[in-house]
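A.B. asks: Input: one structure, supplied below.
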Amino acid sequence: MGSSTLAACAPKEGKKGGKKGNKVTLNLSFQEGIAPGNSLAEKLDFMENLGIVGFEPSGKNLAARVDEITQALSGRNIKVSAICAGFKGFILAEDPEVKTLFDTTMREIVAAAGALGSVGVIMVPAFNSQKPCMPHTLETRNYLCEQLHELGEYALSCGTTVILEPLNRKEAFYMRLVADAAAIARDAQSAGVKCMGDFWHMKEETSDYGALMSAGKEYLQHVHMASRGRRIMPGEDGELDVYTDGFRALKEMEYDKYVSFECGTKGDRATTVTNAVNLLREQWEKV
Ligand code: MG
């Protein structure tokens, strides 16, 4: 095919510049361990200098940290993004005491998340290591949807949501694809139940684009970011660290939530974090 034919097949750009006029912003967020710094204030200073707009704390002890976090973010262009788990027990526990422990601690975190204006609290229904667990059956799925409905309605009353996180099969066989998490969120029949994608776990998916699109803007409430070989900083795994297919989905659905770093590093943190942010912004602009 000649180059003129290729040019004729190229997507037409709109009046405002087509895809280059795409104004969807990449809202980057860091978990608490990502930025270098000896205190929360030092970490937030580093983040602000890089233009990071979200902060994702753990849910552990969150109720006691609401004032500390609110004060630390006051006057900054950084908001709480999601809250990462931190509860005890698990929702599919067979032992009623473990289930009660989940209900109590999760609701405490959800209330604190609401007070902080968070987009939601991340949860996994059951890690492979959590036993005894309800069997992976249709009845269990129905039970999960019922329980999530109640939890989602509670989260809404607090001004936030609960976010289902699919993991890779080695960590959580129960729910490992974004589409499955989105379908469970839908079937929970509560606007307070959402889902997310994690580029590390999404190695299980056949398509980053398809996975994120399957949740769409209605259910996709958060995204986790890491390199794709060793779960370190994007760019540290070289050619493996391509996010453009997923970014294209986020842009097309006009995703307005956060893409939040959840990963380690093998290098000098200040350098690898800065390089990772630059790499993601380059790839975002490309699509
Ligand atoms: Mg994750």
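Simple scheme: letters A, B, ... for chains in structure tokens order, numbers from 1 for residues in each chain, numbers from 1 for ligands in the order shown.
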Taking only C-alpha atoms and all ligand atoms into account, which residues have an atom no farther than 10 Å from ligand 1? I'd like them as a list in words.

C.D. replies: Cys84, Ala85, Ile122, Met123, Val124, Glu165, Pro166, Leu167, Asn168, Met196, Gly197, Asp198, Phe199, Trp200, His201, Met202, His222, Val223, His224, Met225, Ala226, Ser260, Phe261, Glu262 and Cys263 of chain A

A.B. asks: Excluding same-chain residues fewer than 5 positions from Ala191 of chain A, what lies within 10 Å of it counting only C-alpha atoms, as a ChimeraX atom specification?

C.D. replies: /A:149,152-153,155-156,160-162,185-186,218-219

A.B. asks: Write out, as a JSON list (two decimals), in the first residue's frame, the residues just selected, with N, CA and C atoms.

C.D. replies:
```json
[["chain", "number", "residue", "atom", "x", "y", "z"],
["A", 149, "HIS", "N", -24.25, -5.07, 47.98],
["A", 149, "HIS", "CA", -25.34, -4.10, 47.87],
["A", 149, "HIS", "C", -25.46, -3.30, 49.17],
["A", 152, "GLY", "N", -22.40, -1.13, 49.65],
["A", 152, "GLY", "CA", -22.41, -0.03, 48.69],
["A", 152, "GLY", "C", -23.38, 1.08, 49.10],
["A", 153, "GLU", "N", -24.55, 0.67, 49.60],
["A", 153, "GLU", "CA", -25.52, 1.67, 50.05],
["A", 153, "GLU", "C", -24.99, 2.43, 51.26],
["A", 155, "ALA", "N", -21.79, 2.94, 51.86],
["A", 155, "ALA", "CA", -20.73, 3.82, 51.33],
["A", 155, "ALA", "C", -21.34, 5.09, 50.72],
["A", 156, "LEU", "N", -22.43, 4.92, 49.97],
["A", 156, "LEU", "CA", -23.10, 6.08, 49.38],
["A", 156, "LEU", "C", -23.56, 7.06, 50.46],
["A", 160, "THR", "N", -19.10, 8.08, 49.58],
["A", 160, "THR", "CA", -18.00, 7.42, 48.87],
["A", 160, "THR", "C", -18.49, 6.09, 48.28],
["A", 161, "THR", "N", -17.57, 5.22, 47.90],
["A", 161, "THR", "CA", -17.93, 3.94, 47.29],
["A", 161, "THR", "C", -17.02, 2.83, 47.81],
["A", 162, "VAL", "N", -17.34, 1.59, 47.45],
["A", 162, "VAL", "CA", -16.38, 0.49, 47.62],
["A", 162, "VAL", "C", -15.95, 0.06, 46.22],
["A", 185, "ALA", "N", -20.09, -5.72, 40.25],
["A", 185, "ALA", "CA", -20.51, -4.38, 40.68],
["A", 185, "ALA", "C", -21.91, -4.08, 40.13],
["A", 186, "ARG", "N", -22.13, -4.39, 38.87],
["A", 186, "ARG", "CA", -23.45, -4.17, 38.25],
["A", 186, "ARG", "C", -24.53, -4.97, 38.99],
["A", 218, "GLU", "N", -19.00, 4.01, 33.86],
["A", 218, "GLU", "CA", -19.99, 3.76, 34.91],
["A", 218, "GLU", "C", -19.40, 3.00, 36.10],
["A", 219, "TYR", "N", -18.49, 2.04, 35.81],
["A", 219, "TYR", "CA", -17.99, 1.20, 36.91],
["A", 219, "TYR", "C", -16.53, 1.43, 37.25]]
```

A.B. asks: Compile the contact shell of Val98 of chain A as a VMD selection string: residues with an atom at most 12 Å away, counting only C-alpha atoms, same-chain residues fewer than 2 positions apart removed.

C.D. replies: chain A and resid 87 to 96 100 to 106 126 130 to 133

A.B. asks: Output the selection as a compact mmCIF listing (two decimals), in the first residue's frame - C-alpha atoms for each residue.

C.D. replies:
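Done, and the output landed in selection_29.txt:
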```
# COMPACT_ATOMS: atom_id res chain seq x y z
CA PHE A 87 -9.65 -3.75 56.93
CA LYS A 88 -9.48 -7.01 58.87
CA GLY A 89 -11.24 -10.25 57.95
CA PHE A 90 -12.84 -10.73 54.51
CA ILE A 91 -16.31 -10.62 53.03
CA LEU A 92 -16.43 -14.28 51.90
CA ALA A 93 -15.24 -15.70 55.23
CA GLU A 94 -17.03 -18.85 56.34
CA ASP A 95 -16.28 -18.08 59.99
CA PRO A 96 -18.97 -15.61 61.19
CA THR A 100 -18.14 -9.61 61.43
CA LEU A 101 -14.59 -8.34 61.78
CA PHE A 102 -14.67 -7.41 58.09
CA ASP A 103 -18.07 -5.69 58.40
CA THR A 104 -16.99 -3.61 61.40
CA THR A 105 -13.52 -2.57 60.25
CA MET A 106 -14.57 -1.97 56.64
CA ALA A 126 -11.01 -13.20 49.09
CA GLN A 130 -7.72 -16.52 53.17
CA LYS A 131 -9.41 -19.65 54.51
CA PRO A 132 -11.90 -21.00 55.27
CA CYS A 133 -13.56 -19.25 52.35
```

A.B. asks: Could you please write out, as a list in words, every residue of segment 72-197 of chain A that DSSP assigns to strand (DSSP E)?

C.D. replies: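 Filtering segment 72-197 of chain A to strand (DSSP E) leaves Lys79, Val80, Ala82, Ile83, Cys84, Gly120, Val121, Ile122, Met123, Val162, Ile163, Leu164, Val193, Lys194, Cys195, Met196 and Gly197 of chain A.
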
A.B. asks: Which of these residues is nearest to Phe30 of chain A, using only C-alpha atoms: A:Glu108, A:Val273, A:Gln189, A:Gln71?

C.D. replies: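 Under the stated criterion, the closest residue is A:Val273.
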
A.B. asks: Counting only C-alpha atoms, what is within 6 Å of segment 46-56 of chain A, bar same-chain residues fewer than 3 positions away, as a PyMOL selection string?

C.D. replies: chain A and resi 28-31+43+78-83

A.B. asks: Can you pull out the residues contacting Met253 of chain A? Cut-off 9 Å, using only C-alpha atoms, and skip same-chain residues under 5 positions away; I want them as a list in words.

C.D. replies: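 The residues satisfying every condition are Met213, Gly216, Lys217 and Arg248 of chain A.
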
A.B. asks: Kindly export the residues of the current selection with N, CA, C and O atoms, as a tab-separated table (two decimals), in the first residue's frame.

C.D. replies:
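The resulting file, part37.tsv, is shown below:
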```tsv
chain	number	residue	atom	x	y	z
A	213	MET	N	-12.35	-0.93	29.06
A	213	MET	CA	-13.60	-0.57	28.39
A	213	MET	C	-14.77	-1.40	28.91
A	213	MET	O	-15.91	-0.94	28.93
A	216	GLY	N	-15.87	0.52	31.77
A	216	GLY	CA	-16.40	1.79	31.27
A	216	GLY	C	-16.50	2.84	32.38
A	216	GLY	O	-16.17	2.57	33.54
A	217	LYS	N	-16.98	4.00	32.00
A	217	LYS	CA	-17.01	5.11	32.96
A	217	LYS	C	-17.98	4.84	34.12
A	217	LYS	O	-17.80	5.33	35.21
A	248	ARG	N	-5.63	4.57	25.94
A	248	ARG	CA	-6.59	4.88	24.86
A	248	ARG	C	-8.02	4.64	25.37
A	248	ARG	O	-8.92	5.45	25.13
```

A.B. asks: Looking only at helix (DSSP H, G or I) from DSSP on the backbone, list the matching residues of segment 56-248 of chain A as JSON, numbers by chain.

C.D. replies: {"A": [62, 63, 64, 65, 66, 67, 68, 69, 70, 71, 72, 73, 96, 97, 98, 99, 100, 101, 102, 103, 104, 105, 106, 107, 108, 109, 110, 111, 112, 113, 114, 115, 138, 139, 140, 141, 142, 143, 144, 145, 146, 147, 148, 149, 150, 151, 152, 153, 154, 155, 156, 157, 178, 179, 180, 181, 182, 183, 184, 185, 186, 187, 201, 202, 203, 204, 208, 209, 210, 211, 212, 213, 214, 215, 216, 217, 218, 219, 238, 239, 240, 244, 245, 246, 247, 248]}

A.B. asks: Could you check how far atom CA of Trp284 of chain A sits from atom CA of Asp241 of chain A, in Å to one decimal?

C.D. replies: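 Value for the atom CA of Trp284 of chain A-atom CA of Asp241 of chain A distance: 12.8 Å.
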